[in-house]
>>> print(open('final16.cif').read())   # mmCIF, C-alpha atoms
data_upload
#
loop_
_atom_site.label_atom_id
_atom_site.label_comp_id
_atom_site.auth_asym_id
_atom_site.auth_seq_id
_atom_site.Cartn_x
_atom_site.Cartn_y
_atom_site.Cartn_z
CA MET A 193 5.45 -6.49 -26.12
CA SER A 194 3.49 -4.35 -28.53
CA VAL A 195 -0.30 -4.42 -28.51
CA ARG A 196 -0.04 -5.22 -32.19
CA THR A 197 1.45 -8.61 -31.34
CA ARG A 198 -0.70 -9.51 -28.34
CA ALA A 199 -4.38 -10.23 -27.92
CA VAL A 200 -4.47 -8.68 -24.46
CA GLY A 201 -6.67 -5.83 -23.28
CA ILE A 202 -8.44 -4.60 -20.19
CA ARG A 203 -12.01 -4.86 -21.24
CA VAL A 204 -14.85 -5.72 -18.92
CA GLY A 205 -15.30 -9.22 -20.28
CA CYS A 206 -11.59 -9.95 -19.93
CA GLY A 207 -11.56 -8.58 -16.41
CA VAL A 208 -14.47 -10.81 -15.34
CA ALA A 209 -12.84 -13.86 -16.87
CA ALA A 210 -9.62 -13.04 -15.06
CA VAL A 211 -11.40 -12.73 -11.72
CA ALA A 212 -13.15 -16.01 -12.35
CA GLY A 213 -9.71 -17.52 -12.84
CA LEU A 214 -8.99 -16.72 -9.19
CA VAL A 215 -11.57 -19.31 -8.17
CA LEU A 216 -11.10 -21.83 -10.94
CA THR A 217 -7.30 -21.96 -11.31
CA PRO A 218 -5.87 -25.09 -9.67
CA SER A 219 -3.10 -24.85 -7.08
CA ALA A 220 0.45 -24.56 -8.33
CA ALA A 221 2.78 -27.53 -8.22
CA PRO A 222 4.99 -27.85 -5.13
CA GLY A 223 7.87 -25.42 -5.26
CA ALA A 224 6.18 -23.16 -7.79
CA VAL A 225 4.80 -19.72 -7.25
CA ALA A 226 1.19 -19.73 -8.37
CA ALA A 227 0.20 -16.97 -10.73
CA PRO A 228 -1.20 -14.00 -8.81
CA ALA A 229 -4.94 -13.43 -8.88
CA PRO A 230 -5.69 -11.41 -12.02
CA ALA A 231 -7.57 -8.14 -11.57
CA ALA A 232 -8.17 -8.85 -7.93
CA VAL A 233 -6.57 -8.27 -4.53
CA SER A 234 -6.20 -11.27 -2.27
CA ALA A 235 -6.45 -11.15 1.49
CA ALA A 236 -2.65 -11.37 1.62
CA SER A 237 -2.48 -8.37 -0.72
CA ALA A 238 -4.61 -6.24 1.53
CA ALA A 239 -2.16 -6.80 4.35
CA SER A 240 0.88 -6.16 2.16
CA ALA A 241 0.19 -2.87 0.41
CA VAL A 242 -2.15 0.09 0.20
CA PRO A 243 -2.66 2.64 -2.57
CA ALA A 244 -0.57 5.77 -2.17
CA SER A 245 -2.61 8.76 -1.04
CA ASP A 246 -2.14 12.44 -1.79
CA GLY A 247 0.88 13.80 0.03
CA ASP A 248 1.88 10.34 1.29
CA GLY A 249 5.03 9.24 -0.55
CA PRO A 250 5.82 9.65 -4.27
CA GLN A 251 2.98 10.73 -6.50
CA GLY A 252 1.97 9.40 -9.89
CA PHE A 253 2.41 11.18 -13.20
CA THR A 254 1.40 11.05 -16.87
CA PHE A 255 3.85 10.78 -19.76
CA ARG A 256 3.58 14.05 -21.69
CA ASP A 257 5.95 13.14 -24.50
CA SER A 258 4.04 12.18 -27.66
CA ARG A 259 6.89 9.83 -28.60
CA ILE A 260 6.30 7.65 -25.53
CA THR A 261 3.38 5.51 -26.66
CA GLU A 262 4.45 2.02 -25.55
CA SER A 263 6.28 2.47 -22.26
CA SER A 264 7.41 -1.07 -21.56
CA GLY A 265 9.92 -0.61 -18.74
CA LEU A 266 10.52 1.76 -15.84
CA ALA A 267 13.50 2.44 -13.58
CA ALA A 268 14.10 5.11 -10.95
CA SER A 269 17.26 7.15 -11.51
CA ARG A 270 20.03 6.86 -8.92
CA THR A 271 21.63 10.13 -10.01
CA HIS A 272 18.71 12.48 -10.55
CA LYS A 273 16.05 12.82 -7.87
CA GLY A 274 12.49 12.25 -9.07
CA VAL A 275 13.55 11.10 -12.56
CA TYR A 276 12.47 7.81 -14.13
CA TRP A 277 13.95 6.07 -17.17
CA THR A 278 11.65 4.46 -19.71
CA HIS A 279 11.61 3.25 -23.31
CA ASN A 280 9.12 2.17 -25.92
CA ASP A 281 8.50 -1.35 -27.09
CA SER A 282 9.72 -2.46 -30.52
CA ASP A 283 9.58 -0.24 -33.63
CA ASP A 284 10.69 2.95 -31.86
CA GLY A 285 14.44 2.89 -32.41
CA PRO A 286 17.44 3.03 -30.05
CA TYR A 287 16.02 5.60 -27.65
CA VAL A 288 15.76 5.81 -23.87
CA TYR A 289 13.89 8.62 -22.16
CA ALA A 290 14.45 10.33 -18.81
CA VAL A 291 11.13 11.63 -17.45
CA ASP A 292 10.55 14.05 -14.58
CA GLY A 293 8.23 12.28 -12.13
CA ARG A 294 6.77 15.60 -10.97
CA THR A 295 5.68 16.91 -14.37
CA GLY A 296 5.71 13.85 -16.67
CA LYS A 297 7.88 15.78 -19.13
CA THR A 298 10.86 14.23 -20.87
CA VAL A 299 14.07 15.90 -19.65
CA ALA A 300 16.55 13.83 -21.67
CA THR A 301 16.59 11.51 -24.68
CA VAL A 302 19.51 9.10 -24.90
CA THR A 303 20.23 7.63 -28.34
CA LEU A 304 22.11 4.31 -28.31
CA ARG A 305 24.68 4.51 -31.10
CA GLY A 306 25.11 1.39 -33.26
CA ILE A 307 22.04 -0.36 -31.85
CA ASN A 308 19.11 -1.68 -33.89
CA PRO A 309 16.79 -2.97 -31.16
CA ARG A 310 14.49 -5.89 -31.84
CA ASP A 311 12.10 -6.10 -28.86
CA VAL A 312 13.11 -3.88 -25.93
CA GLU A 313 11.08 -4.83 -22.87
CA ALA A 314 12.87 -3.81 -19.66
CA ILE A 315 15.21 -1.32 -18.03
CA SER A 316 17.07 -1.26 -14.71
CA VAL A 317 19.72 0.84 -12.97
CA GLY A 318 22.67 -0.92 -11.34
CA PRO A 319 24.57 -0.09 -8.15
CA ASP A 320 27.24 1.67 -10.23
CA GLY A 321 24.62 4.00 -11.66
CA ASP A 322 24.76 2.37 -15.09
CA VAL A 323 21.51 1.91 -17.00
CA TYR A 324 20.78 -1.58 -18.35
CA VAL A 325 18.33 -1.92 -21.26
CA GLY A 326 16.88 -5.36 -21.94
CA ASP A 327 16.30 -6.22 -25.59
CA ILE A 328 14.95 -9.54 -24.33
CA GLY A 329 11.43 -9.90 -25.72
CA ASP A 330 10.57 -12.64 -28.16
CA ASN A 331 7.54 -12.09 -30.35
CA LEU A 332 7.98 -15.62 -31.69
CA GLY A 333 7.30 -17.20 -28.31
CA GLY A 334 10.83 -18.09 -27.26
CA THR A 335 12.56 -19.16 -30.46
CA TRP A 336 15.30 -16.57 -30.92
CA PRO A 337 18.59 -18.10 -29.73
CA ASN A 338 20.14 -14.78 -28.67
CA VAL A 339 18.86 -11.67 -26.91
CA TRP A 340 20.81 -8.62 -25.76
CA ILE A 341 21.42 -6.23 -22.91
CA TYR A 342 22.72 -2.70 -23.56
CA ARG A 343 24.54 -0.80 -20.81
CA PHE A 344 25.50 2.87 -20.56
CA HIS A 345 26.53 5.31 -17.84
CA GLU A 346 23.68 7.38 -16.50
CA PRO A 347 24.43 10.98 -17.60
CA LYS A 348 25.44 13.35 -14.81
CA ARG A 349 23.66 16.15 -16.63
CA LEU A 350 20.26 15.66 -18.21
CA GLY A 351 19.86 16.57 -21.84
CA ASP A 352 19.65 14.95 -25.25
CA THR A 353 22.77 12.92 -25.93
CA THR A 354 24.12 10.01 -27.96
CA VAL A 355 26.14 7.26 -26.28
CA THR A 356 27.87 4.07 -27.37
CA PRO A 357 26.57 1.37 -25.03
CA THR A 358 28.24 -1.87 -24.08
CA ARG A 359 26.37 -4.71 -25.74
CA TYR A 360 26.03 -8.11 -24.08
CA THR A 361 24.83 -11.23 -25.88
CA VAL A 362 22.56 -13.41 -23.73
CA ARG A 363 21.46 -17.03 -24.00
CA TYR A 364 19.50 -19.19 -21.59
CA ALA A 365 20.67 -22.52 -20.29
CA GLY A 366 18.10 -24.98 -21.64
CA GLY A 367 17.10 -22.99 -24.70
CA ALA A 368 15.41 -19.76 -25.76
CA ARG A 369 12.84 -18.02 -23.57
CA ASP A 370 10.40 -15.16 -23.94
CA ALA A 371 11.02 -12.54 -21.25
CA GLU A 372 10.07 -8.99 -20.37
CA SER A 373 11.62 -8.55 -16.90
CA LEU A 374 15.23 -7.57 -16.27
CA MET A 375 16.46 -6.68 -12.78
CA VAL A 376 19.94 -5.61 -11.64
CA HIS A 377 20.53 -6.33 -7.96
CA PRO A 378 21.34 -2.99 -6.25
CA LYS A 379 24.08 -4.48 -4.04
CA THR A 380 25.77 -7.27 -6.01
CA GLY A 381 25.25 -5.91 -9.52
CA ARG A 382 24.23 -9.34 -10.78
CA VAL A 383 21.64 -9.27 -13.57
CA TYR A 384 18.47 -11.38 -13.40
CA ILE A 385 15.77 -12.09 -15.96
CA ALA A 386 12.31 -13.53 -15.27
CA SER A 387 10.87 -15.49 -18.18
CA LYS A 388 7.27 -14.86 -19.20
CA ASN A 389 5.35 -18.09 -18.75
CA GLY A 390 2.33 -18.82 -16.55
CA GLU A 391 2.04 -22.54 -17.30
CA GLY A 392 4.44 -23.84 -14.67
CA LYS A 393 7.43 -23.37 -16.96
CA GLY A 394 8.52 -19.86 -16.00
CA GLY A 395 11.65 -19.15 -14.04
CA LEU A 396 14.05 -16.63 -12.58
CA TYR A 397 17.38 -16.68 -14.43
CA ALA A 398 20.69 -15.38 -13.11
CA GLY A 399 23.49 -14.11 -15.28
CA PRO A 400 27.21 -14.50 -14.61
CA GLU A 401 28.65 -12.60 -11.66
CA ARG A 402 29.95 -10.07 -14.17
CA LEU A 403 28.68 -9.76 -17.72
CA THR A 404 31.20 -9.86 -20.53
CA ALA A 405 31.02 -8.12 -23.88
CA GLN A 406 33.17 -10.90 -25.34
CA GLY A 407 31.30 -14.06 -26.26
CA VAL A 408 27.99 -15.19 -24.79
CA ASN A 409 26.56 -14.67 -21.29
CA THR A 410 24.60 -17.74 -20.22
CA PHE A 411 21.69 -17.15 -17.84
CA SER A 412 20.74 -20.17 -15.71
CA ARG A 413 17.45 -20.81 -13.90
CA VAL A 414 17.74 -20.40 -10.13
CA ALA A 415 14.05 -20.48 -9.13
CA LYS A 416 10.68 -21.48 -10.51
CA ILE A 417 8.28 -18.56 -11.06
CA ASP A 418 4.84 -19.47 -12.38
CA LEU A 419 3.90 -16.01 -13.56
CA GLN A 420 3.27 -14.14 -16.80
CA ALA A 421 5.82 -11.55 -15.68
CA THR A 422 5.85 -8.33 -17.68
CA ASP A 423 8.39 -6.55 -15.46
CA GLY A 424 10.19 -6.75 -12.14
CA ALA A 425 12.26 -4.70 -9.72
CA PHE A 426 14.47 -5.01 -6.67
CA SER A 427 13.95 -2.70 -3.72
CA PRO A 428 16.79 -0.17 -3.16
CA ASP A 429 18.19 -2.24 -0.27
CA GLY A 430 18.04 -5.45 -2.33
CA LYS A 431 15.86 -7.25 0.24
CA ARG A 432 12.66 -7.42 -1.81
CA LEU A 433 11.85 -8.45 -5.35
CA VAL A 434 8.53 -7.63 -7.02
CA LEU A 435 7.35 -9.19 -10.26
CA ARG A 436 4.24 -7.94 -11.99
CA ALA A 437 1.95 -9.38 -14.64
CA TYR A 438 -0.97 -7.80 -16.50
CA PHE A 439 -3.44 -8.41 -13.70
CA GLY A 440 -1.37 -9.12 -10.59
CA ALA A 441 1.92 -8.63 -8.79
CA THR A 442 3.86 -10.72 -6.28
CA ALA A 443 6.46 -9.74 -3.67
CA TYR A 444 9.36 -11.98 -2.64
CA ARG A 445 11.85 -11.85 0.19
CA TRP A 446 15.47 -11.78 -1.04
CA GLU A 447 17.77 -13.00 1.72
CA GLY A 448 21.05 -12.72 -0.13
CA LYS A 449 21.88 -16.42 0.00
CA GLY A 450 23.86 -17.45 -3.05
CA VAL A 451 23.03 -16.70 -6.66
CA SER A 452 19.31 -17.35 -6.09
CA GLY A 453 19.17 -14.89 -3.21
CA GLY A 454 17.33 -17.39 -1.03
CA VAL A 455 14.16 -16.04 -2.61
CA SER A 456 10.87 -16.84 -0.87
CA ARG A 457 7.35 -15.75 -1.65
CA ILE A 458 5.68 -13.17 0.62
CA GLY A 459 2.37 -12.78 -1.23
CA THR A 460 0.52 -10.82 -3.85
CA VAL A 461 0.44 -7.04 -3.72
CA PRO A 462 -2.22 -4.89 -5.38
CA LEU A 463 -1.75 -2.92 -8.53
CA PRO A 464 -4.02 -0.50 -10.38
CA ILE A 465 -6.11 -1.55 -13.35
CA GLN A 466 -4.20 -0.31 -16.37
CA ARG A 467 -4.70 -0.38 -20.11
CA GLN A 468 -1.80 -2.79 -20.62
CA GLY A 469 0.27 -3.16 -17.47
CA GLU A 470 3.90 -3.48 -18.51
CA ALA A 471 6.24 -1.82 -16.03
CA VAL A 472 7.13 -1.58 -12.35
CA THR A 473 9.93 -0.04 -10.31
CA PHE A 474 10.56 0.85 -6.70
CA ALA A 475 10.57 4.55 -5.92
CA PRO A 476 13.72 5.69 -4.04
CA ASP A 477 11.82 5.69 -0.74
CA GLY A 478 11.89 1.89 -0.89
CA ARG A 479 8.26 1.35 0.07
CA THR A 480 6.39 2.67 -2.95
CA LEU A 481 5.91 0.79 -6.20
CA MET A 482 5.48 2.78 -9.39
CA TYR A 483 3.40 0.94 -11.99
CA GLY A 484 3.50 1.87 -15.67
CA SER A 485 1.43 0.99 -18.72
CA GLU A 486 1.62 1.16 -22.49
CA GLY A 487 -0.44 3.70 -24.42
CA ALA A 488 -0.18 7.36 -25.39
CA ARG A 489 -0.19 9.65 -22.33
CA SER A 490 -0.26 6.61 -20.08
CA GLU A 491 -0.08 7.05 -16.33
CA VAL A 492 2.51 5.87 -13.84
CA GLU A 493 0.62 5.04 -10.66
CA PRO A 494 2.03 4.58 -7.14
CA VAL A 495 1.14 1.91 -4.58
CA ARG A 496 2.53 2.22 -1.06
CA LEU A 497 3.64 -1.06 0.52
CA SER A 498 3.00 -2.15 4.08
CA GLY A 499 3.43 -5.29 6.16
CA ASP A 500 6.01 -7.90 5.16
CA ALA A 501 6.21 -6.50 1.64
CA VAL A 502 8.00 -3.41 2.98
CA PRO A 503 11.80 -3.71 2.64
CA PRO A 504 13.64 -3.64 5.99
CA SER A 505 15.47 -0.39 5.23
CA ALA A 506 12.18 1.37 4.43
CA GLU A 507 10.75 0.30 7.79
CA ASP A 508 13.52 2.09 9.66
CA GLY A 509 13.52 5.03 7.27
CA SER A 510 17.07 4.48 6.01
CA GLY A 511 16.09 4.02 2.36
CA GLY A 512 18.72 1.93 0.62
CA SER A 513 20.45 0.32 3.61
CA GLY A 514 19.72 -3.29 4.47
CA ASP A 515 19.60 -5.86 7.25
CA ASP A 516 19.29 -9.62 7.40
CA GLY A 517 15.97 -9.52 5.50
CA LYS A 518 14.35 -11.97 7.91
CA GLY A 519 10.81 -11.80 9.17
CA GLY A 520 7.41 -13.39 9.03
CA GLY A 521 5.87 -14.45 5.76
CA ALA A 522 2.49 -15.33 4.35
CA GLY A 523 2.83 -19.10 4.28
CA ASP A 524 5.27 -21.95 4.78
CA SER A 525 8.35 -22.69 2.75
CA ALA A 526 7.87 -25.46 0.21
CA GLY A 527 9.72 -26.98 -2.70
CA GLU A 528 13.37 -27.35 -3.58
CA ASP A 529 13.65 -23.76 -4.77
CA GLY A 530 12.58 -22.44 -1.36
CA LEU A 531 9.56 -20.54 -2.64
CA PHE A 532 6.38 -20.15 -0.66
CA GLY A 533 3.28 -21.87 -1.95
CA ALA A 534 0.40 -19.59 -2.95
CA ASP A 535 -2.29 -18.93 -0.37
CA ARG A 536 -5.61 -18.08 -2.03
CA PRO A 537 -8.34 -17.55 0.55
CA MET A 538 -11.53 -18.90 -0.98
CA VAL A 539 -13.83 -16.60 0.97
CA TRP A 540 -12.17 -13.51 -0.45
CA ALA A 541 -12.00 -15.07 -3.89
CA GLY A 542 -15.69 -15.91 -3.83
CA ALA A 543 -16.61 -12.41 -2.75
CA THR A 544 -14.45 -10.88 -5.49
CA PHE A 545 -15.95 -13.16 -8.11
CA ALA A 546 -19.47 -12.37 -6.97
CA GLY A 547 -18.79 -8.64 -7.19
CA ALA A 548 -17.35 -8.97 -10.68
CA LEU A 549 -20.30 -11.11 -11.77
CA VAL A 550 -22.77 -8.49 -10.54
CA LEU A 551 -20.87 -5.79 -12.45
CA TRP A 552 -20.83 -7.92 -15.61
CA LEU A 553 -24.56 -8.64 -15.44
CA GLY A 554 -25.26 -4.95 -14.89
CA LEU A 555 -23.25 -3.97 -17.94
CA ARG A 556 -25.04 -6.60 -20.02
CA ARG A 557 -28.34 -4.95 -19.15
CA VAL A 558 -26.96 -1.55 -20.19
CA PHE A 559 -25.76 -2.86 -23.54
CA ARG A 560 -29.07 -4.64 -24.18
CA ARG A 561 -30.96 -1.40 -23.56
CA ARG A 562 -28.72 0.36 -26.08
CA ASP A 563 -29.48 -2.34 -28.63
#
>>> encode(input="final16.cif", output="structure tokens")
Amino acid sequence: MSVRTRAVGIRVGCGVAAVAGLVLTPSAAPGAVAAPAPAAVSAASAASAVPASDGDGPQGFTFRDSRITESSGLAASRTHKGVYWTHNDSDDGPYVYAVDGRTGKTVATVTLRGINPRDVEAISVGPDGDVYVGDIGDNLGGTWPNVWIYRFHEPKRLGDTTVTPTRYTVRYAGGARDAESLMVHPKTGRVYIASKNGEGKGGLYAGPERLTAQGVNTFSRVAKIDLQATDGAFSPDGKRLVLRAYFGATAYRWEGKGVSGGVSRIGTVPLPIQRQGEAVTFAPDGRTLMYGSEGARSEVEPVRLSGDAVPPSAEDGSGGSGDDGKGGGAGDSAGEDGLFGADRPMVWAGATFAGALVLWLGLRRVFRRRD
């Protein structure tokens, strides 16, 4: 969602308030996934992921294209090594950009013929190599009855081109929702959307087994997700799902059981502080998350996963292959949707809050001296 329609920013005061929320936010209701700790890394996070270091896995990059000012979604190409697909938020037009992850330069611009996008928020690549673009945002807070998904074949050769995408009309069972996260499962091809709501009303919605361009595709809620999700991604083997928000990200185990995937919460994973964190995708190695942000010349930053957050295929070095997806988790299963309850260690939270408070007080002194 555009910064013009949100009162969200990463300023010091906002960051301190978010960290304070780690201590003050009450526990989530049974069966819900509590919102991840904003602007902080929990003890579970520290065991689940570490920042990528130089020469260790995929590296970050900066968007060099002056047209890319509100990158709101990110997806690793299945056809072209090291290339990532992205798009702007609303007001840009029907354009999707292929960006070289080594240089940050745009290597292809795809124009979607016959499309007048309203609020494009997400992008994903399916197992057939098709690119799915989610025109699923709702600047009116979940009042538009229909949203859309556009689908086109990923070009075999990179270069500027115009395509006629397949257009799918989407509605939610139970009424309209605001959403910014669209994920295509890399094995089944089923499309999922995570609604954007951190007040215990958010959810993971599954589309039909196969989308149809005729009529309406109804997405039904299959799990409760208490998270202000701005994007999400499946791992290449389909065994992990990561949802991110502005100030936190959470990893889930996807066991492939039914439409809901038998999803269960692993824990929060760290993410870099960004101007307006909007996007996430798995790199092809399966164990590195690539985080994107809105803004001109914004950076895409990598975080290398470890522990239970690492997909099974990445542990054995096979990349996109999978196994039974079983293993230890950070907590006990709870609730009818099979999600893990949030574990927020108070010692770590208190230490994080204290550090943020010291920083805030120090900055106050600086500003007072300037006055």
>>> resolve_selection(input="final16.cif", expression="the PyMOL selection byres ((chain A and resi 350) around 7)", output="list in words")
Val299, Ala300, Pro347, Lys348, Arg349 and Gly351 of chain A
>>> atom_distance(input="final16.cif", atom1="atom CA of A:Pro494", atom2="atom CA of A:Asp327")
25.7 Å
>>> resolve_selection(input="final16.cif", expression="the PyMOL selection byres ((chain A and resi 472-488) around 8)", output="PyMOL selection string")
chain A and resi 244+249-250+252+255+258+260-268+423-429+435-436+463-464+466-471+489-498+502-503+505-506+511-512
>>> atom_distance(input="final16.cif", atom1="atom CA of A:Gly399", atom2="atom CA of A:Val383")
5.5 Å
>>> residues_around(input="final16.cif", residues="stretch 290-298 of chain A", least_positions_apart="6", cutoff="6 Å", atoms="all atoms listed in the file", output="ChimeraX atom specification")
/A:253-256,274-277
>>> atom_distance(input="final16.cif", atom1="atom CA of A:Pro462", atom2="atom CA of A:Asp257")
27.5 Å
>>> resolve_selection(input="final16.cif", expression="the PyMOL selection byres ((chain A and resi 413) around 8)", output="JSON, numbers by chain")
{"A": [365, 395, 396, 397, 398, 411, 412, 414, 415, 416]}
>>> residues_around(input="final16.cif", residues="A:Ala437", least_positions_apart="3", cutoff="6 Å", atoms="all atoms listed in the file", output="list in words")
Gln420, Ala421, Thr422, Gly440 and Ala441 of chain A
>>> closest_residue(input="final16.cif", among="A:Val455, A:Val302, A:Leu332, A:Ala314", to="A:His345", atoms="only C-alpha atoms")
A:Val302
>>> closest_residue(input="final16.cif", among="A:Glu346, A:Tyr438, A:Lys449, A:Thr335", to="A:His272", atoms="all atoms listed in the file")
A:Glu346
>>> closest_residue(input="final16.cif", among="A:Thr380, A:Thr361, A:Thr404, A:Ser282", to="A:Asp320", atoms="all atoms listed in the file")
A:Thr380
>>> closest_residue(input="final16.cif", among="A:Val339, A:Ile307, A:Leu419, A:Leu403", to="A:Glu391", atoms="only C-alpha atoms")
A:Leu419
>>> axis_aligned_box(input="final16.cif", around="stretch 369-385 of chain A", padding_each_side="5 Å", output="lines of an AutoDock Vina configuration file")
center_x = 17.9
center_y = -10.5
center_z = -14.0
size_x = 25.7
size_y = 25.0
size_z = 29.9
